[in-house]
Amino acid sequence: APVRVGGNIKAPTKIQHVSPVYPQEAQDAKVSGMVILEATINTEGSVASAKVLKSIPLLDQAAVDAVKQWRFTPTMLNGEPVPVIMTVTVNFTLQ
């Protein structure tokens, strides 16, 4: 089972970032802000799942789609890669 980041469990380092696509509907509605997700990172450093914790309905899916493309260094525990659960934040700022 995945372990939660904290204490001896260090957060993995992001090695590939994909920016979210700002939905046109959200831009037209002047919606911006922060979507907070709980991401499960597998032993290969891929995002296995992402669940919305703090929602902005017009932005949630764009945030999940972006985060699922992120890649991390595997988290090691006792020399072995372990899956981890961590919170990630995706900011949407209107230009």
# chains A, B, ... in the order shown; residues from 1 in each chain; ligands from 1

$ residues_around --residues "A:Pro2" --least-positions-apart "6" --cutoff "9 Å" --atoms "only C-alpha atoms" --output "short mmCIF file (atom, residue, chain, number, x, y, z; two decimals) with N, CA, C and O atoms, in the first residue's frame"
data_model
loop_
_atom_site.label_atom_id
_atom_site.label_comp_id
_atom_site.auth_asym_id
_atom_site.auth_seq_id
_atom_site.Cartn_x
_atom_site.Cartn_y
_atom_site.Cartn_z
N THR A 40 -1.18 9.70 -6.03
CA THR A 40 -0.45 8.49 -5.67
C THR A 40 0.63 8.29 -6.72
O THR A 40 0.33 8.20 -7.91
N ILE A 41 1.89 8.28 -6.26
CA ILE A 41 3.04 8.12 -7.14
C ILE A 41 3.52 6.67 -7.00
O ILE A 41 3.81 6.22 -5.89
N ASN A 42 3.61 5.96 -8.12
CA ASN A 42 4.00 4.55 -8.04
C ASN A 42 5.53 4.40 -7.95
O ASN A 42 6.26 5.39 -7.92
N VAL A 82 9.14 2.76 -3.12
CA VAL A 82 7.81 2.54 -2.56
C VAL A 82 6.83 3.53 -3.17
O VAL A 82 7.21 4.66 -3.50
N PRO A 83 5.56 3.12 -3.34
CA PRO A 83 4.55 4.07 -3.79
C PRO A 83 4.22 5.04 -2.66
O PRO A 83 4.24 4.66 -1.49
N VAL A 84 3.96 6.30 -3.01
CA VAL A 84 3.65 7.30 -1.99
C VAL A 84 2.39 8.06 -2.36
O VAL A 84 2.03 8.17 -3.54
N ILE A 85 1.75 8.61 -1.32
CA ILE A 85 0.61 9.50 -1.49
C ILE A 85 1.07 10.89 -1.06
O ILE A 85 1.67 11.03 0.01
#

$ residues_around --residues "A:Met34" --least-positions-apart "2" --cutoff "8 Å" --atoms "only C-alpha atoms" --output "VMD selection string"
chain A and resid 32 36 54 56 89 to 92

$ write_last_selection --atoms "all heavy atoms" --output "tab-separated table (two decimals), in the first residue's frame"
chain	number	residue	atom	x	y	z
A	32	SER	N	-10.31	31.55	-11.72
A	32	SER	CA	-8.91	31.22	-11.47
A	32	SER	C	-8.80	30.69	-10.04
A	32	SER	O	-9.77	30.73	-9.29
A	32	SER	CB	-8.01	32.44	-11.66
A	32	SER	OG	-8.34	33.44	-10.72
A	36	ILE	N	-6.34	21.58	-5.43
A	36	ILE	CA	-5.45	20.73	-4.64
A	36	ILE	C	-5.85	19.27	-4.87
A	36	ILE	O	-7.03	18.92	-4.78
A	36	ILE	CB	-5.51	21.09	-3.15
A	36	ILE	CG1	-5.06	22.54	-2.96
A	36	ILE	CG2	-4.64	20.14	-2.32
A	36	ILE	CD1	-5.18	23.05	-1.55
A	54	LYS	N	-9.43	19.92	-3.08
A	54	LYS	CA	-10.01	21.26	-3.08
A	54	LYS	C	-10.40	21.57	-4.51
A	54	LYS	O	-9.54	21.69	-5.38
A	54	LYS	CB	-9.02	22.30	-2.55
A	54	LYS	CG	-9.58	23.73	-2.58
A	54	LYS	CD	-8.56	24.72	-2.02
A	54	LYS	CE	-9.08	26.15	-2.06
A	54	LYS	NZ	-9.08	26.71	-3.42
A	56	ILE	N	-12.24	23.38	-7.84
A	56	ILE	CA	-12.79	24.50	-8.60
A	56	ILE	C	-13.39	23.80	-9.83
A	56	ILE	O	-12.65	23.40	-10.73
A	56	ILE	CB	-11.73	25.53	-9.00
A	56	ILE	CG1	-11.06	26.11	-7.75
A	56	ILE	CG2	-12.36	26.64	-9.85
A	56	ILE	CD1	-9.91	27.06	-8.03
A	89	THR	N	-0.47	20.82	-5.73
A	89	THR	CA	-1.27	22.00	-5.97
A	89	THR	C	-1.08	22.44	-7.41
A	89	THR	O	0.04	22.47	-7.91
A	89	THR	CB	-0.82	23.13	-5.02
A	89	THR	OG1	-0.94	22.66	-3.68
A	89	THR	CG2	-1.67	24.37	-5.19
A	90	VAL	N	-2.18	22.76	-8.08
A	90	VAL	CA	-2.13	23.29	-9.44
A	90	VAL	C	-2.78	24.67	-9.42
A	90	VAL	O	-3.94	24.80	-9.04
A	90	VAL	CB	-2.87	22.36	-10.44
A	90	VAL	CG1	-2.77	22.91	-11.86
A	90	VAL	CG2	-2.30	20.94	-10.37
A	91	ASN	N	-2.00	25.68	-9.79
A	91	ASN	CA	-2.49	27.06	-9.80
A	91	ASN	C	-2.95	27.46	-11.20
A	91	ASN	O	-2.26	27.17	-12.17
A	91	ASN	CB	-1.40	28.03	-9.33
A	91	ASN	CG	-1.22	28.00	-7.84
A	91	ASN	OD1	-2.18	28.16	-7.10
A	91	ASN	ND2	-0.01	27.78	-7.40
A	92	PHE	N	-4.08	28.10	-11.26
A	92	PHE	CA	-4.60	28.64	-12.51
A	92	PHE	C	-4.67	30.16	-12.34
A	92	PHE	O	-5.38	30.64	-11.46
A	92	PHE	CB	-5.99	28.09	-12.81
A	92	PHE	CG	-5.99	26.63	-13.20
A	92	PHE	CD1	-6.05	25.66	-12.23
A	92	PHE	CD2	-5.96	26.26	-14.53
A	92	PHE	CE1	-6.06	24.30	-12.57
A	92	PHE	CE2	-5.97	24.91	-14.88
A	92	PHE	CZ	-6.02	23.95	-13.91

$ closest_residue --among "A:Ala50, A:Pro23, A:Val31, A:Thr73" --to "A:Met86" --atoms "only C-alpha atoms"
A:Ala50

$ atom_distance --atom1 "atom CA of A:Ala66" --atom2 "atom CA of A:Gly45"
15.0 Å

$ select_by_dssp --residues "chain A" --states "alpha helix (DSSP H)" --output "list in words"
Gln24, Glu25, Ala26, Gln27, Asp28, Asp60, Gln61, Ala62, Ala63, Val64, Asp65, Ala66 and Val67 of chain A

$ closest_atom_pairs --of "stretch 41-88 of chain A" --to "stretch 6-20 of chain A" --cutoff "6 Å" --atoms "only C-alpha atoms" --output "Markdown table"
| residue | atom | partner | partner_atom | distance |
| --- | --- | --- | --- | --- |
| A:Ala62 | CA | A:Pro20 | CA | 5.6 |
| A:Ala63 | CA | A:Pro20 | CA | 5.7 |
| A:Ala66 | CA | A:Pro20 | CA | 4.8 |
| A:Trp70 | CA | A:His17 | CA | 5.1 |
| A:Arg71 | CA | A:Gln16 | CA | 4.9 |
| A:Phe72 | CA | A:Lys14 | CA | 4.3 |
| A:Thr73 | CA | A:Thr13 | CA | 5.3 |
| A:Thr75 | CA | A:Pro12 | CA | 5.4 |

$ write_last_selection --atoms "all heavy atoms" --output "PDB file, in the first residue's frame"
ATOM      1  N   ALA A  62      -8.831  19.692 -15.817  1.00  0.00           N
ATOM      2  CA  ALA A  62      -7.565  20.156 -16.409  1.00  0.00           C
ATOM      3  C   ALA A  62      -6.409  19.894 -15.446  1.00  0.00           C
ATOM      4  O   ALA A  62      -5.314  19.498 -15.866  1.00  0.00           O
ATOM      5  CB  ALA A  62      -7.655  21.639 -16.761  1.00  0.00           C
ATOM      6  N   ALA A  63      -6.642  20.106 -14.148  1.00  0.00           N
ATOM      7  CA  ALA A  63      -5.600  19.862 -13.144  1.00  0.00           C
ATOM      8  C   ALA A  63      -5.248  18.380 -13.081  1.00  0.00           C
ATOM      9  O   ALA A  63      -4.070  18.007 -13.105  1.00  0.00           O
ATOM     10  CB  ALA A  63      -6.062  20.365 -11.779  1.00  0.00           C
ATOM     11  N   ALA A  66      -3.275  17.229 -16.189  1.00  0.00           N
ATOM     12  CA  ALA A  66      -1.875  17.678 -16.172  1.00  0.00           C
ATOM     13  C   ALA A  66      -1.052  16.853 -15.180  1.00  0.00           C
ATOM     14  O   ALA A  66       0.022  16.339 -15.527  1.00  0.00           O
ATOM     15  CB  ALA A  66      -1.797  19.159 -15.828  1.00  0.00           C
ATOM     16  N   TRP A  70       2.715  14.201 -14.975  1.00  0.00           N
ATOM     17  CA  TRP A  70       3.947  14.512 -14.253  1.00  0.00           C
ATOM     18  C   TRP A  70       4.722  13.230 -13.958  1.00  0.00           C
ATOM     19  O   TRP A  70       4.148  12.149 -13.850  1.00  0.00           O
ATOM     20  CB  TRP A  70       3.640  15.223 -12.938  1.00  0.00           C
ATOM     21  CG  TRP A  70       3.053  16.588 -13.075  1.00  0.00           C
ATOM     22  CD1 TRP A  70       2.751  17.255 -14.224  1.00  0.00           C
ATOM     23  CD2 TRP A  70       2.664  17.463 -12.014  1.00  0.00           C
ATOM     24  NE1 TRP A  70       2.205  18.490 -13.926  1.00  0.00           N
ATOM     25  CE2 TRP A  70       2.145  18.646 -12.584  1.00  0.00           C
ATOM     26  CE3 TRP A  70       2.712  17.357 -10.622  1.00  0.00           C
ATOM     27  CZ2 TRP A  70       1.678  19.709 -11.821  1.00  0.00           C
ATOM     28  CZ3 TRP A  70       2.239  18.415  -9.864  1.00  0.00           C
ATOM     29  CH2 TRP A  70       1.740  19.579 -10.453  1.00  0.00           C
ATOM     30  N   ARG A  71       6.046  13.365 -13.841  1.00  0.00           N
ATOM     31  CA  ARG A  71       6.910  12.239 -13.476  1.00  0.00           C
ATOM     32  C   ARG A  71       7.789  12.671 -12.308  1.00  0.00           C
ATOM     33  O   ARG A  71       8.213  13.822 -12.232  1.00  0.00           O
ATOM     34  CB  ARG A  71       7.805  11.823 -14.655  1.00  0.00           C
ATOM     35  CG  ARG A  71       7.041  11.292 -15.851  1.00  0.00           C
ATOM     36  CD  ARG A  71       6.447   9.913 -15.565  1.00  0.00           C
ATOM     37  NE  ARG A  71       5.579   9.462 -16.636  1.00  0.00           N
ATOM     38  CZ  ARG A  71       4.252   9.616 -16.644  1.00  0.00           C
ATOM     39  NH1 ARG A  71       3.647  10.219 -15.651  1.00  0.00           N
ATOM     40  NH2 ARG A  71       3.521   9.168 -17.632  1.00  0.00           N
ATOM     41  N   PHE A  72       8.073  11.711 -11.436  1.00  0.00           N
ATOM     42  CA  PHE A  72       8.853  11.974 -10.230  1.00  0.00           C
ATOM     43  C   PHE A  72       9.973  10.955 -10.106  1.00  0.00           C
ATOM     44  O   PHE A  72       9.924   9.882 -10.720  1.00  0.00           O
ATOM     45  CB  PHE A  72       7.957  11.853  -8.988  1.00  0.00           C
ATOM     46  CG  PHE A  72       6.873  12.887  -8.907  1.00  0.00           C
ATOM     47  CD1 PHE A  72       5.659  12.712  -9.558  1.00  0.00           C
ATOM     48  CD2 PHE A  72       7.062  14.050  -8.179  1.00  0.00           C
ATOM     49  CE1 PHE A  72       4.653  13.669  -9.488  1.00  0.00           C
ATOM     50  CE2 PHE A  72       6.063  15.017  -8.100  1.00  0.00           C
ATOM     51  CZ  PHE A  72       4.863  14.827  -8.754  1.00  0.00           C
ATOM     52  N   THR A  73      10.972  11.295  -9.290  1.00  0.00           N
ATOM     53  CA  THR A  73      11.963  10.288  -8.927  1.00  0.00           C
ATOM     54  C   THR A  73      11.265   9.319  -7.967  1.00  0.00           C
ATOM     55  O   THR A  73      10.459   9.750  -7.142  1.00  0.00           O
ATOM     56  CB  THR A  73      13.161  10.934  -8.204  1.00  0.00           C
ATOM     57  OG1 THR A  73      12.683  11.657  -7.071  1.00  0.00           O
ATOM     58  CG2 THR A  73      13.937  11.865  -9.129  1.00  0.00           C
ATOM     59  N   THR A  75      10.383   7.235  -4.777  1.00  0.00           N
ATOM     60  CA  THR A  75      10.670   7.437  -3.358  1.00  0.00           C
ATOM     61  C   THR A  75      11.243   6.146  -2.799  1.00  0.00           C
ATOM     62  O   THR A  75      10.677   5.076  -2.995  1.00  0.00           O
ATOM     63  CB  THR A  75       9.387   7.828  -2.609  1.00  0.00           C
ATOM     64  OG1 THR A  75       8.906   9.057  -3.151  1.00  0.00           O
ATOM     65  CG2 THR A  75       9.645   8.001  -1.118  1.00  0.00           C
TER      66      THR A  75
END

$ atom_distance --atom1 "atom CA of A:Leu37" --atom2 "atom CA of A:Asn78"
27.1 Å

$ select_by_dssp --residues "chain A" --states "strand (DSSP E)" --output "PyMOL selection string"
chain A and resi 3-4+14-16+33-41+47-54+71-72+75-77+80-82+84-92

$ write_last_selection --atoms "N, CA, C and O atoms" --output "compact mmCIF listing (two decimals), in the first residue's frame"
# COMPACT_ATOMS: atom_id res chain seq x y z
N VAL A 3 2.55 4.75 0.94
CA VAL A 3 2.79 5.43 2.21
C VAL A 3 2.64 6.93 2.01
O VAL A 3 2.88 7.44 0.91
N ARG A 4 2.24 7.62 3.07
CA ARG A 4 2.04 9.07 2.98
C ARG A 4 3.38 9.76 3.19
O ARG A 4 4.16 9.38 4.04
N LYS A 14 9.98 16.16 -8.53
CA LYS A 14 9.33 16.19 -9.85
C LYS A 14 10.41 16.35 -10.91
O LYS A 14 11.23 17.24 -10.84
N ILE A 15 10.42 15.44 -11.90
CA ILE A 15 11.41 15.51 -12.97
C ILE A 15 10.77 15.84 -14.32
O ILE A 15 11.47 16.15 -15.28
N GLN A 16 9.46 15.78 -14.39
CA GLN A 16 8.76 16.19 -15.61
C GLN A 16 7.48 16.90 -15.22
O GLN A 16 6.64 16.33 -14.52
N GLY A 33 -7.63 30.22 -9.68
CA GLY A 33 -7.42 29.74 -8.32
C GLY A 33 -6.59 28.48 -8.28
O GLY A 33 -5.88 28.15 -9.22
N MET A 34 -6.72 27.79 -7.16
CA MET A 34 -5.85 26.67 -6.84
C MET A 34 -6.70 25.40 -6.70
O MET A 34 -7.67 25.39 -5.95
N VAL A 35 -6.30 24.36 -7.44
CA VAL A 35 -6.92 23.05 -7.28
C VAL A 35 -5.91 22.20 -6.53
O VAL A 35 -4.74 22.13 -6.91
N ILE A 36 -6.34 21.58 -5.43
CA ILE A 36 -5.45 20.73 -4.64
C ILE A 36 -5.85 19.27 -4.87
O ILE A 36 -7.03 18.92 -4.78
N LEU A 37 -4.84 18.46 -5.20
CA LEU A 37 -5.06 17.05 -5.50
C LEU A 37 -4.26 16.17 -4.55
O LEU A 37 -3.20 16.57 -4.08
N GLU A 38 -4.77 14.98 -4.31
CA GLU A 38 -3.99 13.94 -3.63
C GLU A 38 -3.54 12.98 -4.72
O GLU A 38 -4.38 12.37 -5.39
N ALA A 39 -2.23 12.90 -4.91
CA ALA A 39 -1.68 12.07 -5.97
C ALA A 39 -0.98 10.85 -5.38
O ALA A 39 -0.29 10.96 -4.37
N THR A 40 -1.18 9.70 -6.03
CA THR A 40 -0.45 8.49 -5.67
C THR A 40 0.63 8.29 -6.72
O THR A 40 0.33 8.20 -7.91
N ILE A 41 1.89 8.28 -6.26
CA ILE A 41 3.04 8.12 -7.14
C ILE A 41 3.52 6.67 -7.00
O ILE A 41 3.81 6.22 -5.89
N VAL A 47 2.40 9.05 -11.90
CA VAL A 47 1.22 9.32 -11.10
C VAL A 47 0.17 8.26 -11.43
O VAL A 47 -0.36 8.21 -12.53
N ALA A 48 -0.08 7.40 -10.45
CA ALA A 48 -1.02 6.30 -10.65
C ALA A 48 -2.46 6.78 -10.54
O ALA A 48 -3.34 6.29 -11.23
N SER A 49 -2.69 7.75 -9.64
CA SER A 49 -4.04 8.29 -9.49
C SER A 49 -3.95 9.70 -8.92
O SER A 49 -2.96 10.06 -8.28
N ALA A 50 -5.00 10.46 -9.17
CA ALA A 50 -5.08 11.83 -8.64
C ALA A 50 -6.54 12.09 -8.28
O ALA A 50 -7.42 11.89 -9.10
N LYS A 51 -6.75 12.52 -7.03
CA LYS A 51 -8.10 12.77 -6.52
C LYS A 51 -8.18 14.22 -6.07
O LYS A 51 -7.27 14.73 -5.41
N VAL A 52 -9.25 14.89 -6.43
CA VAL A 52 -9.42 16.30 -6.08
C VAL A 52 -9.78 16.43 -4.60
O VAL A 52 -10.73 15.80 -4.12
N LEU A 53 -9.00 17.26 -3.88
CA LEU A 53 -9.29 17.56 -2.47
C LEU A 53 -9.95 18.93 -2.34
O LEU A 53 -10.86 19.11 -1.55
N LYS A 54 -9.43 19.92 -3.08
CA LYS A 54 -10.01 21.26 -3.08
C LYS A 54 -10.40 21.57 -4.51
O LYS A 54 -9.54 21.69 -5.38
N ARG A 71 6.05 13.37 -13.84
CA ARG A 71 6.91 12.24 -13.48
C ARG A 71 7.79 12.67 -12.31
O ARG A 71 8.21 13.82 -12.23
N PHE A 72 8.07 11.71 -11.44
CA PHE A 72 8.85 11.97 -10.23
C PHE A 72 9.97 10.96 -10.11
O PHE A 72 9.92 9.88 -10.72
N THR A 75 10.38 7.24 -4.78
CA THR A 75 10.67 7.44 -3.36
C THR A 75 11.24 6.15 -2.80
O THR A 75 10.68 5.08 -3.00
N MET A 76 12.39 6.28 -2.12
CA MET A 76 13.06 5.10 -1.58
C MET A 76 12.81 4.98 -0.08
O MET A 76 12.83 5.99 0.65
N LEU A 77 12.57 3.77 0.37
CA LEU A 77 12.43 3.47 1.79
C LEU A 77 13.23 2.20 2.04
O LEU A 77 12.96 1.16 1.42
N GLU A 80 14.51 0.50 -1.05
CA GLU A 80 13.53 -0.03 -2.01
C GLU A 80 12.59 1.09 -2.45
O GLU A 80 12.16 1.89 -1.63
N PRO A 81 12.22 1.13 -3.76
CA PRO A 81 11.23 2.12 -4.18
C PRO A 81 9.85 1.76 -3.62
O PRO A 81 9.48 0.58 -3.59
N VAL A 82 9.14 2.76 -3.12
CA VAL A 82 7.81 2.54 -2.56
C VAL A 82 6.83 3.53 -3.17
O VAL A 82 7.21 4.66 -3.50
N VAL A 84 3.96 6.30 -3.01
CA VAL A 84 3.65 7.30 -1.99
C VAL A 84 2.39 8.06 -2.36
O VAL A 84 2.03 8.17 -3.54
N ILE A 85 1.75 8.61 -1.32
CA ILE A 85 0.61 9.50 -1.49
C ILE A 85 1.07 10.89 -1.06
O ILE A 85 1.67 11.03 0.01
N MET A 86 0.83 11.89 -1.91
CA MET A 86 1.20 13.25 -1.54
C MET A 86 0.19 14.24 -2.09
O MET A 86 -0.57 13.92 -3.00
N THR A 87 0.19 15.42 -1.51
CA THR A 87 -0.70 16.48 -1.96
C THR A 87 0.04 17.34 -2.96
O THR A 87 1.20 17.69 -2.74
N VAL A 88 -0.61 17.64 -4.08
CA VAL A 88 -0.03 18.55 -5.08
C VAL A 88 -1.03 19.67 -5.36
O VAL A 88 -2.23 19.50 -5.23
N THR A 89 -0.47 20.82 -5.73
CA THR A 89 -1.27 22.00 -5.97
C THR A 89 -1.08 22.44 -7.41
O THR A 89 0.04 22.47 -7.91
N VAL A 90 -2.18 22.76 -8.08
CA VAL A 90 -2.13 23.29 -9.44
C VAL A 90 -2.78 24.67 -9.42
O VAL A 90 -3.94 24.80 -9.04
N ASN A 91 -2.00 25.68 -9.79
CA ASN A 91 -2.49 27.06 -9.80
C ASN A 91 -2.95 27.46 -11.20
O ASN A 91 -2.26 27.17 -12.17
N PHE A 92 -4.08 28.10 -11.26
CA PHE A 92 -4.60 28.64 -12.51
C PHE A 92 -4.67 30.16 -12.34
O PHE A 92 -5.38 30.64 -11.46

$ atom_distance --atom1 "atom CA of A:Leu58" --atom2 "atom CA of A:Val5"
28.4 Å
